[in-house]
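Since the structure comes first, as structure tokens, the remarks are kept for the end.
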Amino acid sequence: MSFDWSPVFLSLKLAAVTTVVLLIVGTPIAWKLARMRHWIKQPLVSLVALPLVLPPTVLGFYLLLVLAPNGPVGQVVKSLGLGTIPFTFTGLVIASVFYSLPFAVQPLQNAFEGLGDRPLEVASTLRASPLDRFFTVVVPLARPGFLTAAVLAFAHTIGEFGVVLMIGGNIPGRTKVLSVAIYDHVETLEYGQAHLLSAGMLVFAFTVLLTLYAVNGRATFTEKP
Amino acid sequence: MTGTIDARFRTGFQGGFSLDIDVSLPATGVTALFGHSGSGKTTTLRCIAGLAKADGVLKVDSEIWQDDKQFRPVHRRPLAYVFQEASLFPHLSVRQNLDYGARRIPEGDRRLDFAQAVDWLGLSTLLDRRPSNLSGGERQRVAIARALLTSPQLLLMDEPLSALDHKAKREILPYLEYLRDTLSIPILYVTHSPDEVARLADHLVVLEGGRVMANGPLTETLARLDLPARRDEDAGVALEARVVERDARWQLMRVAFPGGSLWIRDHGQAIGKTVRMRVLARDVSLALERQEETSILNILPATVTGCAPTDHPAVVLTQIRLGEPLPGSNTGIPANQNDLPGPDIDSELDGTTPLISRLTARSSDALALSPGKPVWAHIKSAAVLD
């Protein structure tokens, strides 16, 4: 039996798309949270962190209800003629974005908070507008945060299982990602295949983390006192 | 820029501190905002910059930057700000830091070119370095050049020397003095150091507890007796004077200021140059009669203009004024022995100069010093600030 690589490619594609979406969506959320002084900040931070502690099945269950053809979001999508979301790649991306949100938002928020107000004040006295300040000062100074956010979001999405199973099912070539494939192989006692994928995941995860820590260790800017 | 900077701010901040000021500052020269920590000097500066928000009105050279209808954001105010810590962008080289502000102003508004700023602040060998590889003094020089390169109409400096060690301070002060004498833009300079005030300021605002205690020209304000800082051990008056004569044999030079002149140690400045001096209250003593036989070189006629107690009951401060018309004395004639100045040189120095004198209460009583009384001021020493 020839080895089926499609779950690997699907996982990589899902993780890549999710990471891009998360950086676009997560950055403004993290920025708002980092600059917020209002009491509502703590409830919002907790809300973003929920996927860290909830069983993935809980998240998957509610997403399924909301996105289902007769759910609130599903109905809107259907009336727009966009088909249904569950059990499609789009559904997987939406679920992954929610599931990996804290992994992108938290490193970014920490990086933004660590900057303090001073670099932004300096930039504003040097005539930089708010958007200009963000791209010329915040982004370069928070680069380690962006890197951490991207890598963690990517790696975490590769590793997800419960949410994927709930929202995407197990459709070969469409929603059958790597972790689900490993589960399948084990269920059908194809230990060789399971080993290959699992060991690959292990090496991948370790390499990613090692690279991340090594790069961030070097990239930190320090100003001597 | 001519005209004035009118600032009226009123606000309560967290922690019980409140600011309530209404000042009109000259839009020229260096204005020092002086006070102890918690006096509101930095808050005032931040409100002027727009970095902090307080209710009020701010007009700079009759242009409204803030009133109850509008608040111009910081990046649209033509100002530059030098922070206490240099706050260079760590991800940019020195050159890129300098360019950051310069690139953001319209070409037509550039009044200072890159090479000029680099030259003024001695940065030519540092351009390709990273901020993390600079000393504290070098970093602050880069920050000052970076601020100037935005060709500001107003330069705000928030204790630019206080985060530096003694050596770095001495390294930067001459640059600041040079800029004061070279730039035509007004500088608002926040400091808690009397020494920096004496060396740099033309105009002085004294703040305490978020209120303005005094606001006026440097020498006049330093000579006021009603300010708490006047009671310090090294209270004194700073003044600008012009070198008018030198005595090569004894290595002395004579410096003239409105209402008088002094012989001091020759510091090598050319005739006609301006020097800054400080005359401490403890170096000024008073006599009712002119002493002929004395080691004191500088004896000037003056009039008592005020007396005030100090924290110690034995010590009083007396304010005197040089150049006041003295009833029955040789008005307007320099008091120094054997010196008649060239009339052309001193003609611009009409006016009066106040000094303060620190005396024991007993002496003050024995001489019956009271406002209006003519006296002879014996000035033991006057330090040139350089």
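The chains in the structure tokens are called A, B, ... from first to last as shown; in each chain the residues are counted from 1, and the ligands are counted from 1 in the order shown.
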Hey, what's within 10 Å of region 35-38 of chain A if we count only C-alpha atoms and toss same-chain stuff fewer than 3 positions away? As a list in words, please?
Ala30, Trp31, Lys32, Lys41, Gln42, Gln109, Phe112, Glu113, Gly116 and Asp117 of chain A
Residues of chain B within 9 Å of chain A, counting only C-alpha atoms, as a ChimeraX atom specification
/B:49,51,73-83,87-91,100-102,104-105,131-136,146-147,150
Please dump the current selection as a short mmCIF file (atom, residue, chain, number, x, y, z; two decimals), in the first residue's frame; keep N, CA and C atoms.
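This is the output file out.cif:
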```cif
data_model
loop_
_atom_site.label_atom_id
_atom_site.label_comp_id
_atom_site.auth_asym_id
_atom_site.auth_seq_id
_atom_site.Cartn_x
_atom_site.Cartn_y
_atom_site.Cartn_z
N ALA B 49 3.74 69.75 24.81
CA ALA B 49 4.04 68.89 23.66
C ALA B 49 2.78 68.19 23.14
N LEU B 51 1.81 65.45 24.73
CA LEU B 51 1.99 64.06 25.17
C LEU B 51 1.07 63.74 26.34
N PRO B 73 -2.81 66.97 17.56
CA PRO B 73 -2.00 65.83 18.00
C PRO B 73 -0.51 66.12 17.90
N VAL B 74 0.24 65.41 18.73
CA VAL B 74 1.68 65.67 18.85
C VAL B 74 2.38 65.74 17.49
N HIS B 75 2.06 64.77 16.63
CA HIS B 75 2.83 64.69 15.38
C HIS B 75 2.49 65.82 14.41
N ARG B 76 1.49 66.63 14.73
CA ARG B 76 1.20 67.78 13.87
C ARG B 76 1.69 69.09 14.51
N ARG B 77 2.36 69.00 15.65
CA ARG B 77 2.90 70.22 16.25
C ARG B 77 4.36 70.36 15.82
N PRO B 78 4.74 71.56 15.35
CA PRO B 78 6.11 71.71 14.85
C PRO B 78 7.11 71.86 15.99
N LEU B 79 7.19 70.84 16.83
CA LEU B 79 8.10 70.91 17.97
C LEU B 79 9.04 69.72 17.94
N ALA B 80 10.06 69.80 18.77
CA ALA B 80 10.92 68.64 18.97
C ALA B 80 11.07 68.47 20.47
N TYR B 81 11.31 67.22 20.90
CA TYR B 81 11.31 66.92 22.32
C TYR B 81 12.54 66.08 22.62
N VAL B 82 13.32 66.49 23.60
CA VAL B 82 14.44 65.66 24.03
C VAL B 82 14.08 65.13 25.41
N PHE B 83 14.05 63.80 25.51
CA PHE B 83 13.62 63.17 26.75
C PHE B 83 14.79 63.00 27.71
N SER B 87 16.38 57.65 24.57
CA SER B 87 15.28 57.00 23.88
C SER B 87 15.50 56.91 22.37
N LEU B 88 16.70 56.51 21.99
CA LEU B 88 16.94 56.28 20.57
C LEU B 88 16.22 54.99 20.18
N PHE B 89 15.90 54.88 18.90
CA PHE B 89 15.27 53.64 18.44
C PHE B 89 16.36 52.57 18.35
N PRO B 90 16.24 51.50 19.15
CA PRO B 90 17.33 50.53 19.19
C PRO B 90 17.48 49.72 17.90
N HIS B 91 16.42 49.70 17.08
CA HIS B 91 16.52 48.90 15.86
C HIS B 91 17.10 49.69 14.70
N TYR B 100 15.07 59.73 10.94
CA TYR B 100 13.67 59.37 11.21
C TYR B 100 12.74 60.59 11.20
N GLY B 101 13.14 61.62 11.95
CA GLY B 101 12.30 62.81 11.99
C GLY B 101 12.48 63.66 10.75
N ALA B 102 13.74 63.76 10.29
CA ALA B 102 14.04 64.63 9.15
C ALA B 102 13.23 64.22 7.92
N ARG B 104 10.36 63.07 7.78
CA ARG B 104 8.91 63.26 7.93
C ARG B 104 8.45 64.70 7.85
N ILE B 105 9.38 65.61 7.59
CA ILE B 105 8.94 66.99 7.41
C ILE B 105 9.08 67.35 5.94
N PRO B 131 22.67 52.29 18.65
CA PRO B 131 22.52 53.00 19.93
C PRO B 131 23.09 52.21 21.11
N SER B 132 23.01 50.86 21.04
CA SER B 132 23.49 50.07 22.19
C SER B 132 25.00 50.16 22.34
N ASN B 133 25.71 50.63 21.28
CA ASN B 133 27.17 50.74 21.38
C ASN B 133 27.64 52.16 21.67
N LEU B 134 26.73 53.02 22.14
CA LEU B 134 27.13 54.39 22.44
C LEU B 134 27.15 54.62 23.94
N SER B 135 27.95 55.60 24.36
CA SER B 135 27.93 55.98 25.77
C SER B 135 26.69 56.83 26.03
N GLY B 136 26.37 57.05 27.30
CA GLY B 136 25.18 57.84 27.64
C GLY B 136 25.22 59.23 27.04
N ARG B 146 18.80 64.53 16.51
CA ARG B 146 17.60 63.97 15.89
C ARG B 146 16.42 64.93 16.05
N ALA B 147 16.33 65.54 17.23
CA ALA B 147 15.25 66.50 17.48
C ALA B 147 15.42 67.74 16.60
N THR B 150 14.30 67.93 12.81
CA THR B 150 12.93 68.13 12.37
C THR B 150 12.65 69.62 12.17
#
```
Check the smallest atom-to-atom distance from each of A:Phe161, A:Phe146, A:Tyr99, A:Phe134 to Leu59 (chain A) using only C-alpha atoms, then report the winner.
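That would be A:Tyr99, the residue with the smallest distance to Leu59 (chain A).
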So which residues of region 219-251 of chain B fall under helix (DSSP H, G or I) by DSSP, listed as a PyMOL selection string?
chain B and resi 219-222+228-231
For region 271-274 of chain B, find every residue with an atom within 6 Å (counting only C-alpha atoms), except residues of its own chain fewer than 5 positions away, and show them as a ChimeraX atom specification.
/B:241-244
